[in-house]
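For reference, the structure discussed in these notes is given below.
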Amino acid sequence: MGGRMLKRVLMVAFHFPPLRGSSGIQRALKFAQYLPALGWQPLVLSAHPRAYANQGPDQLAEIPPQAVVRRAFALDSARHLAWRGRYIGWTAWPDRFVSWIIGAVPAGLALVRQYRPQVIWTTYPVSSATLIGYLLHKLTRLPWIADFRDPMTDEFYPRDPKLRAIARWIERKAVHNAALVVCTTPGAVVTYTTRYPQLPRSRFVVLENGYDEENFRHAGAGAAPAPAAGRPFTLVHSGIIYPSERDPVPLFRALATLKARGALDAGTLRVVLRATAHDDYVNRLLAEHGISDLVQVAPHVPYQAALAEMLTADGLLVLQASNCNHQIPAKLYEYLRAGRPILALTDAAGDTAATLRNAGVDTIAALDDSAAIEQALLHFLHLARAGQAPLPTPAAVAAASRQARTAELARLLDSVLPQSQVLPAPAGSTEEA
């Protein structure tokens, strides 16, 4: 937009280009990309690229020209402070990027002095981002919105009791000092309102993740043509496979059983696990179960290529354990937009399953039940091959766009301003009335 920006927001985000391979990048990046049209100039405080183990230029061009980006000093304790693969534990409290705080707080104060933002917005994970936001809030007295893409703590998370205590302390500082605590699922709001009953319910709000239509348009233009008939059904899981939160073992057992019965083979099914971040672990499991011919562990590809793969896959796979019932994989919204059949291995009582059912998708089975996975997989394959698998409804897809989510964020930013600073959205804004 031309002319003077009306308002400014200081956005503290570790996950930001040139980092690659994290769905969290899309949340901060797309908010920064679409906020200018809604009257908010983003001032992005991120980490020096050296802190990123996986980086590339894939999405740097999507940072809007109106954005100011500062990349503060940061190290990764596991890589930069390690000796022979080991590092001292306290150098990673509350996380491996704690050194970022040293650079980010002065850099944030400099941004405040130079640009006079009206609001601070931080996004977790990592915990250090939330702590940076808390310190900047205390030092500047600016209203603060704490964005929690996942709950910071749970009964047994983080697993290390000392880390859990530190994370719970940061969480308490956030929920007691932030003007708003933004969660990505209804279940997370329930978690926090139950944990902090003394705080007003209105402090906790839901702002889900989403997909970006522009990225999908580009991905569709470059997508490969549909493979020839007679090839195996391709089922794609795109993204990290956590050994606990997305435990693949029950799925692998089910595949091994179906293979032994002759119900499946490499000529009928090909499962692609794209960018697992735990390739050695997954490959070892595949060898143990004798299904390396059915399942391919595939490397990371640029974001647009990952979207193109979703658009052309025969089916898309969701893995989400019951210990994450109050979380929804950010990738799920991209799955909805891809418009392909979805097989979800997740707890029927969780937010992931509820989101899929609300979108018209009911091909769901419990991740921890191999027998149920066997039945669900065969049923899913039958429906998909016959063109009868349920697909996401257009209304559900439209509601999950990043543009719609950013309009919600702009309203939240306006809501924490003193009334004298609330100005109308610029002409031509996409914000809804």
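Following the order of the structure tokens, chains are lettered A, B, ..., residues in each are numbered from 1, and ligands are numbered from 1.
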When DSSP works through the backbone of this structure, what residues of segment 189-299 of chain A end up as helix (DSSP H, G or I), shown as a ChimeraX atom specification?
-> /A:189-195,201-203,213-221,249-261,279-289
Quick one: write out the picked residues with N, CA and C atoms as a compact mmCIF listing (two decimals), in the first residue's frame?
```txt
# COMPACT_ATOMS: atom_id res chain seq x y z
N VAL A 189 -7.06 -23.64 24.30
CA VAL A 189 -7.72 -22.63 25.13
C VAL A 189 -8.30 -23.27 26.38
N VAL A 190 -8.91 -24.43 26.23
CA VAL A 190 -9.43 -25.15 27.40
C VAL A 190 -8.30 -25.48 28.37
N THR A 191 -7.17 -25.92 27.83
CA THR A 191 -6.02 -26.23 28.68
C THR A 191 -5.62 -25.03 29.52
N TYR A 192 -5.52 -23.87 28.89
CA TYR A 192 -5.02 -22.70 29.60
C TYR A 192 -6.05 -22.09 30.54
N THR A 193 -7.30 -22.07 30.14
CA THR A 193 -8.31 -21.53 31.04
C THR A 193 -8.51 -22.43 32.26
N THR A 194 -8.27 -23.72 32.09
CA THR A 194 -8.33 -24.65 33.22
C THR A 194 -7.11 -24.49 34.12
N ARG A 195 -5.96 -24.30 33.51
CA ARG A 195 -4.71 -24.19 34.27
C ARG A 195 -4.62 -22.86 35.01
N ARG A 201 -11.37 -15.35 31.04
CA ARG A 201 -11.47 -16.22 29.87
C ARG A 201 -11.19 -15.46 28.58
N SER A 202 -11.51 -14.17 28.56
CA SER A 202 -11.33 -13.36 27.35
C SER A 202 -9.86 -13.16 26.98
N ARG A 203 -8.95 -13.47 27.89
CA ARG A 203 -7.53 -13.30 27.57
C ARG A 203 -7.06 -14.35 26.56
N GLU A 213 -3.06 -19.18 -0.47
CA GLU A 213 -3.59 -19.43 -1.82
C GLU A 213 -2.56 -19.08 -2.89
N GLU A 214 -1.82 -18.01 -2.69
CA GLU A 214 -0.82 -17.63 -3.69
C GLU A 214 0.23 -18.72 -3.86
N ASN A 215 0.69 -19.29 -2.74
CA ASN A 215 1.66 -20.38 -2.83
C ASN A 215 1.08 -21.57 -3.59
N PHE A 216 -0.19 -21.86 -3.36
CA PHE A 216 -0.80 -23.00 -4.05
C PHE A 216 -0.97 -22.72 -5.54
N ARG A 217 -1.26 -21.47 -5.90
CA ARG A 217 -1.36 -21.15 -7.33
C ARG A 217 -0.03 -21.40 -8.03
N HIS A 218 1.05 -20.95 -7.42
CA HIS A 218 2.38 -21.18 -8.00
C HIS A 218 2.71 -22.67 -8.03
N ALA A 219 2.37 -23.37 -6.96
CA ALA A 219 2.66 -24.80 -6.90
C ALA A 219 1.87 -25.56 -7.95
N GLY A 220 0.61 -25.15 -8.16
CA GLY A 220 -0.21 -25.82 -9.15
C GLY A 220 0.32 -25.63 -10.55
N ALA A 221 0.89 -24.46 -10.81
CA ALA A 221 1.44 -24.21 -12.15
C ALA A 221 2.64 -25.08 -12.43
N VAL A 249 5.23 -46.34 14.50
CA VAL A 249 5.36 -47.79 14.69
C VAL A 249 4.05 -48.54 14.46
N PRO A 250 2.90 -48.11 15.02
CA PRO A 250 1.67 -48.86 14.75
C PRO A 250 1.31 -48.91 13.26
N LEU A 251 1.57 -47.82 12.54
CA LEU A 251 1.34 -47.83 11.09
C LEU A 251 2.26 -48.84 10.41
N PHE A 252 3.52 -48.87 10.80
CA PHE A 252 4.46 -49.81 10.19
C PHE A 252 4.07 -51.25 10.49
N ARG A 253 3.58 -51.50 11.70
CA ARG A 253 3.10 -52.85 12.03
C ARG A 253 1.93 -53.23 11.13
N ALA A 254 1.02 -52.29 10.94
CA ALA A 254 -0.14 -52.56 10.09
C ALA A 254 0.29 -52.85 8.67
N LEU A 255 1.22 -52.07 8.15
CA LEU A 255 1.70 -52.30 6.79
C LEU A 255 2.38 -53.66 6.67
N ALA A 256 3.17 -54.02 7.69
CA ALA A 256 3.85 -55.32 7.66
C ALA A 256 2.84 -56.46 7.66
N THR A 257 1.79 -56.32 8.46
CA THR A 257 0.75 -57.37 8.52
C THR A 257 0.02 -57.48 7.19
N LEU A 258 -0.36 -56.36 6.61
CA LEU A 258 -1.07 -56.38 5.33
C LEU A 258 -0.18 -56.94 4.22
N LYS A 259 1.11 -56.61 4.28
CA LYS A 259 2.03 -57.15 3.29
C LYS A 259 2.14 -58.67 3.43
N ALA A 260 2.25 -59.15 4.67
CA ALA A 260 2.37 -60.59 4.91
C ALA A 260 1.12 -61.34 4.46
N ARG A 261 -0.05 -60.71 4.57
CA ARG A 261 -1.31 -61.34 4.15
C ARG A 261 -1.51 -61.26 2.65
N ASP A 279 15.27 -39.28 9.75
CA ASP A 279 15.38 -40.29 8.70
C ASP A 279 16.05 -41.58 9.18
N ASP A 280 17.12 -41.48 9.94
CA ASP A 280 17.82 -42.69 10.39
C ASP A 280 16.90 -43.55 11.26
N TYR A 281 16.20 -42.91 12.16
CA TYR A 281 15.26 -43.62 13.05
C TYR A 281 14.17 -44.31 12.23
N VAL A 282 13.59 -43.59 11.28
CA VAL A 282 12.50 -44.15 10.48
C VAL A 282 13.01 -45.28 9.60
N ASN A 283 14.15 -45.09 8.98
CA ASN A 283 14.70 -46.15 8.12
C ASN A 283 15.00 -47.42 8.92
N ARG A 284 15.47 -47.27 10.14
CA ARG A 284 15.72 -48.44 10.99
C ARG A 284 14.43 -49.19 11.27
N LEU A 285 13.36 -48.46 11.55
CA LEU A 285 12.07 -49.10 11.80
C LEU A 285 11.55 -49.81 10.55
N LEU A 286 11.73 -49.18 9.40
CA LEU A 286 11.27 -49.81 8.15
C LEU A 286 11.99 -51.13 7.91
N ALA A 287 13.29 -51.15 8.17
CA ALA A 287 14.05 -52.39 7.99
C ALA A 287 13.60 -53.45 8.98
N GLU A 288 13.34 -53.06 10.23
CA GLU A 288 12.89 -54.01 11.24
C GLU A 288 11.55 -54.64 10.87
N HIS A 289 10.67 -53.87 10.24
CA HIS A 289 9.34 -54.37 9.89
C HIS A 289 9.29 -54.95 8.47
```
Run DSSP on the backbone of this structure and report the residues of segment 187-340 of chain A it assigns to strand (DSSP E or B), as an NGL selection string.
-> :A and (204-206 or 211 or 233-238 or 269-274 or 295-298 or 315-320)
Those residues you just picked out, can you put them in a file as a short mmCIF file (atom, residue, chain, number, x, y, z; two decimals), in the first residue's frame with N, CA and C atoms?
```cif
data_model
loop_
_atom_site.label_atom_id
_atom_site.label_comp_id
_atom_site.auth_asym_id
_atom_site.auth_seq_id
_atom_site.Cartn_x
_atom_site.Cartn_y
_atom_site.Cartn_z
N PHE A 204 -7.75 -15.46 26.46
CA PHE A 204 -7.32 -16.57 25.61
C PHE A 204 -8.23 -16.66 24.38
N VAL A 205 -7.63 -16.60 23.21
CA VAL A 205 -8.39 -16.62 21.97
C VAL A 205 -7.79 -17.64 21.01
N VAL A 206 -8.61 -18.06 20.05
CA VAL A 206 -8.18 -19.02 19.04
C VAL A 206 -7.92 -18.30 17.71
N TYR A 211 -3.50 -21.98 5.18
CA TYR A 211 -2.73 -22.21 3.96
C TYR A 211 -2.70 -20.90 3.17
N PHE A 233 -0.62 -46.74 -5.74
CA PHE A 233 -1.29 -45.63 -5.07
C PHE A 233 -0.25 -44.93 -4.18
N THR A 234 -0.13 -43.61 -4.34
CA THR A 234 0.88 -42.85 -3.58
C THR A 234 0.22 -42.10 -2.43
N LEU A 235 0.65 -42.42 -1.21
CA LEU A 235 0.14 -41.80 0.01
C LEU A 235 1.28 -41.01 0.64
N VAL A 236 1.10 -39.69 0.78
CA VAL A 236 2.20 -38.80 1.18
C VAL A 236 1.97 -38.26 2.59
N HIS A 237 3.00 -38.37 3.43
CA HIS A 237 3.06 -37.61 4.68
C HIS A 237 4.14 -36.56 4.52
N SER A 238 3.77 -35.29 4.63
CA SER A 238 4.70 -34.20 4.41
C SER A 238 5.04 -33.55 5.75
N LEU A 269 0.87 -50.03 -3.43
CA LEU A 269 0.92 -48.90 -2.49
C LEU A 269 2.36 -48.42 -2.32
N ARG A 270 2.50 -47.10 -2.35
CA ARG A 270 3.79 -46.44 -2.08
C ARG A 270 3.54 -45.32 -1.09
N VAL A 271 4.10 -45.46 0.10
CA VAL A 271 3.97 -44.43 1.13
C VAL A 271 5.22 -43.57 1.10
N VAL A 272 5.05 -42.26 0.94
CA VAL A 272 6.17 -41.32 0.91
C VAL A 272 6.17 -40.52 2.20
N LEU A 273 7.27 -40.61 2.95
CA LEU A 273 7.44 -39.82 4.17
C LEU A 273 8.44 -38.72 3.84
N ARG A 274 7.92 -37.53 3.59
CA ARG A 274 8.73 -36.42 3.10
C ARG A 274 9.25 -35.56 4.25
N VAL A 295 7.58 -48.22 1.75
CA VAL A 295 7.68 -46.87 2.32
C VAL A 295 8.99 -46.24 1.90
N GLN A 296 8.90 -45.03 1.37
CA GLN A 296 10.08 -44.27 0.94
C GLN A 296 10.29 -43.10 1.88
N VAL A 297 11.49 -43.00 2.45
CA VAL A 297 11.86 -41.84 3.26
C VAL A 297 12.48 -40.83 2.29
N ALA A 298 11.79 -39.72 2.08
CA ALA A 298 12.17 -38.76 1.04
C ALA A 298 12.77 -37.50 1.67
N GLY A 315 -3.22 -39.64 -2.16
CA GLY A 315 -3.79 -39.44 -0.83
C GLY A 315 -2.76 -38.79 0.07
N LEU A 316 -3.24 -38.17 1.16
CA LEU A 316 -2.38 -37.47 2.11
C LEU A 316 -2.57 -38.09 3.48
N LEU A 317 -1.48 -38.23 4.21
CA LEU A 317 -1.47 -38.94 5.48
C LEU A 317 -1.21 -37.99 6.64
N VAL A 318 -2.03 -38.10 7.67
CA VAL A 318 -1.87 -37.34 8.91
C VAL A 318 -1.49 -38.31 10.01
N LEU A 319 -0.48 -37.96 10.82
CA LEU A 319 -0.10 -38.71 12.01
C LEU A 319 -0.16 -37.75 13.19
N GLN A 320 -0.97 -38.06 14.20
CA GLN A 320 -1.06 -37.19 15.38
C GLN A 320 -1.54 -38.03 16.56
#
```
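Restricting the calculation to only C-alpha atoms, the smallest distance between Ala67 of chain A and any of A:Leu19, A:Leu35, A:Ala353, A:Leu307 is found for A:Leu35.
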Selection near segment 114-130 of chain A, 7 Å with only C-alpha atoms, sequence-local residues under 2 positions removed, as a VMD selection string = chain A and resid 7 to 14 94 to 95 97 to 98 101 110 to 112 132 to 134 142 to 149 167
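One finds atom CA of Ala179 of chain A at 15.1 Å from atom CA of Leu131 of chain A.
For the set A:Ala321, A:Ala349, A:Leu45, A:Ile291, the residue with the smallest atom-to-atom gap to Asp369 of chain A is A:Ala321, counting only C-alpha atoms.
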For segment 342-346 of chain A, work out the shell of residues within 9 Å, counting only C-alpha atoms and skipping chain neighbours fewer than 2 positions away, then give it as an NGL selection string.
-> :A and (235 or 246 or 251 or 315-322 or 325 or 335-336 or 339-340 or 348-350 or 352-353 or 356 or 361-368 or 373 or 376-377 or 380 or 389-392)
Export of the given selection (N, CA and C atoms) as a compact mmCIF listing (two decimals), in the first residue's frame:
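This is the output file part32.txt:
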```txt
# COMPACT_ATOMS: atom_id res chain seq x y z
N LEU A 235 0.65 -42.42 -1.21
CA LEU A 235 0.14 -41.80 0.01
C LEU A 235 1.28 -41.01 0.64
N ARG A 246 4.06 -38.33 16.87
CA ARG A 246 3.59 -38.87 15.59
C ARG A 246 4.22 -40.26 15.37
N LEU A 251 1.57 -47.82 12.54
CA LEU A 251 1.34 -47.83 11.09
C LEU A 251 2.26 -48.84 10.41
N GLY A 315 -3.22 -39.64 -2.16
CA GLY A 315 -3.79 -39.44 -0.83
C GLY A 315 -2.76 -38.79 0.07
N LEU A 316 -3.24 -38.17 1.16
CA LEU A 316 -2.38 -37.47 2.11
C LEU A 316 -2.57 -38.09 3.48
N LEU A 317 -1.48 -38.23 4.21
CA LEU A 317 -1.47 -38.94 5.48
C LEU A 317 -1.21 -37.99 6.64
N VAL A 318 -2.03 -38.10 7.67
CA VAL A 318 -1.87 -37.34 8.91
C VAL A 318 -1.49 -38.31 10.01
N LEU A 319 -0.48 -37.96 10.82
CA LEU A 319 -0.10 -38.71 12.01
C LEU A 319 -0.16 -37.75 13.19
N GLN A 320 -0.97 -38.06 14.20
CA GLN A 320 -1.06 -37.19 15.38
C GLN A 320 -1.54 -38.03 16.56
N ALA A 321 -0.69 -38.18 17.58
CA ALA A 321 -0.99 -39.03 18.72
C ALA A 321 -1.98 -38.37 19.67
N SER A 322 -2.56 -39.18 20.55
CA SER A 322 -3.55 -38.67 21.50
C SER A 322 -2.93 -37.74 22.52
N ASN A 325 -3.80 -34.12 21.55
CA ASN A 325 -5.20 -33.89 21.20
C ASN A 325 -5.57 -32.42 21.13
N TYR A 335 -3.18 -29.55 3.59
CA TYR A 335 -3.85 -30.76 3.09
C TYR A 335 -5.28 -30.44 2.66
N LEU A 336 -5.98 -29.65 3.47
CA LEU A 336 -7.36 -29.30 3.12
C LEU A 336 -7.39 -28.57 1.78
N GLY A 339 -7.00 -30.54 -1.59
CA GLY A 339 -8.19 -31.17 -2.15
C GLY A 339 -8.02 -32.64 -2.50
N ARG A 340 -7.11 -33.31 -1.84
CA ARG A 340 -6.88 -34.73 -2.07
C ARG A 340 -7.48 -35.55 -0.92
N ALA A 348 -9.87 -39.89 17.78
CA ALA A 348 -11.17 -39.34 17.36
C ALA A 348 -11.64 -38.22 18.27
N ALA A 349 -11.12 -38.16 19.51
CA ALA A 349 -11.55 -37.13 20.46
C ALA A 349 -10.72 -35.86 20.38
N GLY A 350 -9.69 -35.83 19.53
CA GLY A 350 -8.80 -34.67 19.48
C GLY A 350 -9.24 -33.58 18.53
N THR A 352 -7.57 -32.38 15.99
CA THR A 352 -7.27 -32.69 14.60
C THR A 352 -8.44 -33.42 13.95
N ALA A 353 -8.95 -34.45 14.63
CA ALA A 353 -10.09 -35.20 14.10
C ALA A 353 -11.32 -34.30 13.98
N LEU A 356 -11.09 -32.12 10.88
CA LEU A 356 -11.36 -32.89 9.67
C LEU A 356 -12.85 -33.20 9.52
N VAL A 361 -14.45 -34.61 6.30
CA VAL A 361 -13.57 -35.76 6.12
C VAL A 361 -13.67 -36.68 7.34
N ASP A 362 -14.03 -37.95 7.11
CA ASP A 362 -14.19 -38.87 8.23
C ASP A 362 -13.36 -40.15 8.11
N THR A 363 -12.37 -40.16 7.23
CA THR A 363 -11.48 -41.31 7.09
C THR A 363 -10.39 -41.19 8.16
N ILE A 364 -10.73 -41.66 9.36
CA ILE A 364 -9.93 -41.45 10.56
C ILE A 364 -9.80 -42.75 11.33
N ALA A 365 -8.61 -43.02 11.87
CA ALA A 365 -8.39 -44.17 12.74
C ALA A 365 -7.36 -43.79 13.79
N ALA A 366 -7.39 -44.49 14.92
CA ALA A 366 -6.47 -44.18 16.02
C ALA A 366 -5.04 -44.53 15.64
N LEU A 367 -4.11 -43.63 15.91
CA LEU A 367 -2.71 -43.83 15.56
C LEU A 367 -2.08 -44.99 16.33
N ASP A 368 -2.58 -45.28 17.54
CA ASP A 368 -1.95 -46.30 18.38
C ASP A 368 -2.59 -47.69 18.25
N ILE A 373 -5.82 -49.44 12.10
CA ILE A 373 -5.14 -48.85 10.95
C ILE A 373 -5.24 -49.76 9.74
N ALA A 376 -8.75 -49.32 8.39
CA ALA A 376 -8.95 -47.97 7.86
C ALA A 376 -8.18 -47.76 6.57
N LEU A 377 -6.97 -48.28 6.51
CA LEU A 377 -6.15 -48.10 5.31
C LEU A 377 -6.77 -48.81 4.11
N PHE A 380 -9.86 -46.88 3.12
CA PHE A 380 -9.46 -45.62 2.48
C PHE A 380 -9.01 -45.86 1.05
N ALA A 389 -13.74 -41.19 -1.94
CA ALA A 389 -13.22 -40.72 -0.66
C ALA A 389 -13.74 -39.31 -0.36
N PRO A 390 -14.12 -39.03 0.89
CA PRO A 390 -14.62 -37.69 1.22
C PRO A 390 -13.52 -36.65 1.06
N LEU A 391 -13.89 -35.51 0.47
CA LEU A 391 -12.95 -34.41 0.27
C LEU A 391 -13.38 -33.21 1.10
N PRO A 392 -12.45 -32.33 1.47
CA PRO A 392 -12.80 -31.15 2.26
C PRO A 392 -13.82 -30.27 1.54
```
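Using only C-alpha atoms, the shortest contact distance between Ala407 of chain A and any of A:Ala72, A:Ile102, A:Leu207, A:Ile25 is found at A:Leu207.
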Atom CA of Ser77 of chain A to atom CA of Val301 of chain A measures 25.7 Å
